[in-house]
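Single-structure report; data block below.
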Amino acid sequence: MKKIIALLLLLNSLPFYAQWWTLQNSGVTANLNDVSGITGNEVLIVGNSGTILKTIDGGVHWVQKTSSTISNLMKIQFVNPTIGYAVGENGTLLKTTDSGESWSTITTGITSNFYGLSCLSENVFYISGDNGLVLKTIDGGTNFSNESYVGNYSFKTVQFLNDQVGYACSFEYSGSDSNAFIKTNDGGETWTFLSNEVTSFYFLNENIGFLKTFGPVFKTIDGGVNLIYMGDSNSQTADLFSMNENLVWSVENTFTLCNCSYFCIEKRELDNTQVLSAAQNCYADTAGNPPFEAITFADATTGYVVGDYGIIYKNATGTMEDLGVAEFNKNSIYISPNPAFELITIENKSNTQINSITITDMNGRIILEDNTAHTTLDVNSLSNGVYFIQFASEKGSITKKLIKK
């Protein structure tokens with residue numbers, strides 16, 4: 001019985017993204033940090049403890065590849081369909097020349113953690129890391145020049161659009177004091193501080209790009225000098241990706257004091273009249289950890305999201321609808337804390353009113369009934385164990401699991 005209950009709880013914790021984002025079987029539990037699509041079917045992922053995963057059939061099967069390292073791998077990028085690089089902690093730099101089937105180690109002589117990677121060609125690429133570190137190589141990693149920025153910043157993302165113009169961002173969840181968004185116009189010889197409010201960014205070229213701050217999302221068409229408002233988001237964005245100047249995807253993690261955190265995939269676009277439309281798929285988690293780390297699209301219709309605990313999602317249409325606004329489903333009702341001790345808070349993210357709440361035990365016996373739309377419930381009188389809470393509305397009912405401790 002305990003194994004059955006554990007399985008039910010695991011299934012209940014997984015998000016539901018309808019036909020837009022489907023969960024893949026990664027076969028691993030390691031945190032996955034980045035993803036790169038050679039094609040829609042041939043995709044590589046890197047993660048903690050030297051994890052490298054590859055699929056050649058669009059995620060039907062994921063196969064682990066030998067990395068010859070136990071360091072956490074943070075970024076992966078391909079310069080063409082066969083040649084790619086991966087970087088990670090402890091100065092780790094890997095290279096593949098056979099589309100990720102095998103990987104060789106390039107000795108850097110550096111012990112700092114590498115986080116960001118931006119490849120202009122097989123020979124020319126940039127790496128970012130701890131303590132303002134930005135490195136440049138023009139010979140495929142044999143030698144590096146130091147293009148670092150002054151300050152104790154961990155640059156998680158670096159992106160060069162050509163051999164002169166590049167950006168780097170050091171966003172930390174801990175706050176703006178550890179943040180720096182910087183730009184260079186001379187290949188990294190000098191850097192200009194732009195903001196401590198930018199949490200992530202993605203540029204299509206040296207002028208057109210997208211910026212996520214602690215609040216709004218912006219578009220720029222002049223390299224960050226002027227910003228075009230694209231809506232608000234209170235979430236902390238882990239990654240942005242775009243394929244054209246009117247569309248940007250993001251993965252976002254929102255943390256709350258009650259440990260009832262929200263994790264979202266979001267699509268924002270500008271139509272021909274420059275009217276913003278946005279769609280967001282979210283779910284709640286009581287562990288309080290950030291499951292989403294990176295998002296990419298290999299083409300206009302095939303995208304992948306990766307994150308902690310071996311999470312992989314695939315989008316095979318390039319489309320998405322907002323599940324968190326009008327739909328009355330499992331993603332629209334949040335219970336916190338869960339496990340619960342005394343009081344639980346109920347948050348209804350849909351536009352459908354809850355008419356009644358019923359709590360039953362594992363045997364189906366009704367333990368509590370409430371015909372009012374309370375936002376809190378006292379469950380202190382319940383015995384420790386697993387219960388089911390049914391939320392009834394005019395559009396049907398939703399059943400969620402509750403653990404009482």
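Chain labels follow the order of the structure tokens: the first chain is A, the next B, and so on; residue numbering restarts at 1 in every chain, and ligands are counted from 1 in their shown order.
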Give me the residues near A:Tyr313 as a PyMOL selection string, where near means some atom within 8 Å (using only C-alpha atoms) and where sequence neighbours in that chain fewer than 2 positions away do not count. chain A and resi 21-24+304-306+311+315
Requested write-out: N, CA, C and O atoms of the selected residues, as a short mmCIF file (atom, residue, chain, number, x, y, z; two decimals), in the first residue's frame:
```cif
data_model
loop_
_atom_site.label_atom_id
_atom_site.label_comp_id
_atom_site.auth_asym_id
_atom_site.auth_seq_id
_atom_site.Cartn_x
_atom_site.Cartn_y
_atom_site.Cartn_z
N TRP A 21 3.00 20.56 -24.05
CA TRP A 21 4.28 20.10 -23.50
C TRP A 21 4.08 18.71 -22.91
O TRP A 21 3.26 18.52 -22.02
N THR A 22 4.83 17.74 -23.38
CA THR A 22 4.70 16.36 -22.92
C THR A 22 5.95 15.94 -22.18
O THR A 22 7.07 16.24 -22.61
N LEU A 23 5.75 15.23 -21.08
CA LEU A 23 6.86 14.77 -20.26
C LEU A 23 7.61 13.64 -20.97
O LEU A 23 7.01 12.71 -21.50
N GLN A 24 8.94 13.73 -20.96
CA GLN A 24 9.79 12.70 -21.55
C GLN A 24 10.35 11.81 -20.43
O GLN A 24 10.48 12.24 -19.29
N TYR A 304 12.26 22.02 -26.41
CA TYR A 304 12.55 21.19 -25.25
C TYR A 304 12.83 22.07 -24.03
O TYR A 304 13.45 23.14 -24.15
N VAL A 305 12.36 21.61 -22.89
CA VAL A 305 12.64 22.23 -21.59
C VAL A 305 13.28 21.19 -20.70
O VAL A 305 12.84 20.03 -20.67
N VAL A 306 14.34 21.57 -19.98
CA VAL A 306 14.99 20.64 -19.05
C VAL A 306 15.10 21.29 -17.69
O VAL A 306 15.03 22.52 -17.55
N ILE A 311 14.06 16.25 -15.28
CA ILE A 311 12.86 16.68 -15.99
C ILE A 311 13.19 17.06 -17.44
O ILE A 311 14.11 17.84 -17.69
N ASN A 315 7.78 20.11 -26.74
CA ASN A 315 6.67 20.73 -27.45
C ASN A 315 6.85 20.40 -28.93
O ASN A 315 7.88 20.70 -29.52
#
```
Spatial neighbours of stretch 139-149 of chain A, 9 Å, only C-alpha atoms, chain gap at least 4 places, as a CSV table (one decimal) with C-alpha atoms, in the first residue's frame:
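In the end it all went to out.csv:
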```csv
chain,number,residue,atom,x,y,z
A,93,LEU,CA,35.6,21.9,-21.1
A,106,ILE,CA,40.2,19.8,-23.2
A,107,THR,CA,42.6,20.7,-20.4
A,108,THR,CA,42.1,24.4,-19.5
A,121,SER,CA,32.9,28.9,-34.6
A,122,GLU,CA,34.8,25.7,-33.9
A,123,ASN,CA,37.9,27.8,-33.0
A,124,VAL,CA,36.4,31.0,-31.5
A,125,PHE,CA,34.2,30.9,-28.4
A,128,SER,CA,31.9,32.8,-18.5
A,131,ASN,CA,34.4,36.0,-10.0
A,132,GLY,CA,33.6,38.0,-13.2
A,133,LEU,CA,35.3,35.4,-15.4
A,134,VAL,CA,35.1,35.7,-19.1
A,135,LEU,CA,37.5,33.8,-21.3
A,153,TYR,CA,29.9,38.2,-10.2
A,182,ILE,CA,27.1,43.9,-19.0
A,187,GLY,CA,35.3,41.6,-28.2
A,188,GLY,CA,35.5,41.7,-24.4
A,189,GLU,CA,38.5,44.0,-23.9
A,190,THR,CA,36.2,46.5,-22.1
A,191,TRP,CA,32.7,46.0,-20.6
```
Using only C-alpha atoms, can you tell me which of A:Asn80, A:Ile295, A:Gly310, A:Asn384 comes closest to A:Thr51?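 Among the listed residues, the smallest separation from A:Thr51 belongs to A:Gly310.
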Leaving out A:Ile403 and any residue of its chain fewer than 4 positions from it, which residues lie within 9 Å of it when counting only C-alpha atoms, given as a VMD selection string? chain A and resid 338 to 341 384 to 388
Go ahead and save the residues from that selection, with N, CA, C and O atoms, as an mmCIF file, in the first residue's frame.
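So the final result, stored in part_24.cif, reads:
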```cif
data_model
loop_
_atom_site.group_PDB
_atom_site.id
_atom_site.type_symbol
_atom_site.label_atom_id
_atom_site.label_comp_id
_atom_site.auth_asym_id
_atom_site.auth_seq_id
_atom_site.Cartn_x
_atom_site.Cartn_y
_atom_site.Cartn_z
ATOM 1 N N ASN A 338 1.676 21.540 1.809
ATOM 2 C CA ASN A 338 1.304 20.145 1.560
ATOM 3 C C ASN A 338 2.585 19.321 1.468
ATOM 4 O O ASN A 338 3.281 19.416 0.465
ATOM 5 N N PRO A 339 2.955 18.602 2.537
ATOM 6 C CA PRO A 339 2.192 18.171 3.706
ATOM 7 C C PRO A 339 1.744 19.334 4.601
ATOM 8 O O PRO A 339 2.412 20.349 4.695
ATOM 9 N N ALA A 340 0.593 19.112 5.252
ATOM 10 C CA ALA A 340 -0.020 20.128 6.095
ATOM 11 C C ALA A 340 0.039 19.716 7.556
ATOM 12 O O ALA A 340 0.102 18.522 7.885
ATOM 13 N N PHE A 341 -0.032 20.721 8.443
ATOM 14 C CA PHE A 341 -0.011 20.461 9.880
ATOM 15 C C PHE A 341 -1.285 20.981 10.552
ATOM 16 O O PHE A 341 -1.950 20.248 11.268
ATOM 17 N N ASN A 384 -2.909 11.903 11.085
ATOM 18 C CA ASN A 384 -1.834 11.886 10.106
ATOM 19 C C ASN A 384 -2.114 10.837 9.034
ATOM 20 O O ASN A 384 -2.560 9.725 9.327
ATOM 21 N N GLY A 385 -1.889 11.205 7.778
ATOM 22 C CA GLY A 385 -2.135 10.259 6.698
ATOM 23 C C GLY A 385 -2.396 10.963 5.388
ATOM 24 O O GLY A 385 -2.152 12.167 5.239
ATOM 25 N N VAL A 386 -2.922 10.215 4.403
ATOM 26 C CA VAL A 386 -3.192 10.728 3.063
ATOM 27 C C VAL A 386 -4.688 10.898 2.880
ATOM 28 O O VAL A 386 -5.476 10.005 3.206
ATOM 29 N N TYR A 387 -5.092 12.048 2.339
ATOM 30 C CA TYR A 387 -6.499 12.355 2.104
ATOM 31 C C TYR A 387 -6.687 12.876 0.671
ATOM 32 O O TYR A 387 -5.705 13.232 -0.008
ATOM 33 N N PHE A 388 -7.946 12.924 0.249
ATOM 34 C CA PHE A 388 -8.291 13.504 -1.043
ATOM 35 C C PHE A 388 -9.219 14.686 -0.818
ATOM 36 O O PHE A 388 -10.186 14.590 -0.054
#
```
At a cut-off of 7 Å, using only C-alpha atoms, what residues contact stretch 25-36 of chain A? Leave out same-chain residues fewer than 5 positions from it and give the result as an NGL selection string. :A and (43-48 or 62 or 74-77 or 293-296 or 306-312)
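Remark: for A:Gly58, the closest of the candidate residues A:Ile38, A:Ala392, A:Ala238, A:Leu120 is A:Ile38 (distances computed over only C-alpha atoms).
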Top pick for closest residue to A:Ile333, considering A:Phe297, A:Phe391, A:Tyr126, A:Phe292 and counting only C-alpha atoms: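 Looking only at the distances to A:Ile333, the closest residue turns out to be A:Phe391.
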Which residue out of A:Leu270, A:Ala168, A:Ala316, A:Phe203 has the minimum interatomic distance to A:Tyr229 when only C-alpha atoms are used?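 Looking at the shortest contact to A:Tyr229, the residue is A:Leu270.
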Go ahead and compute the interatomic distance for atom CA of A:Arg268 and atom CA of A:Cys169, in Å to one decimal. 21.2 Å
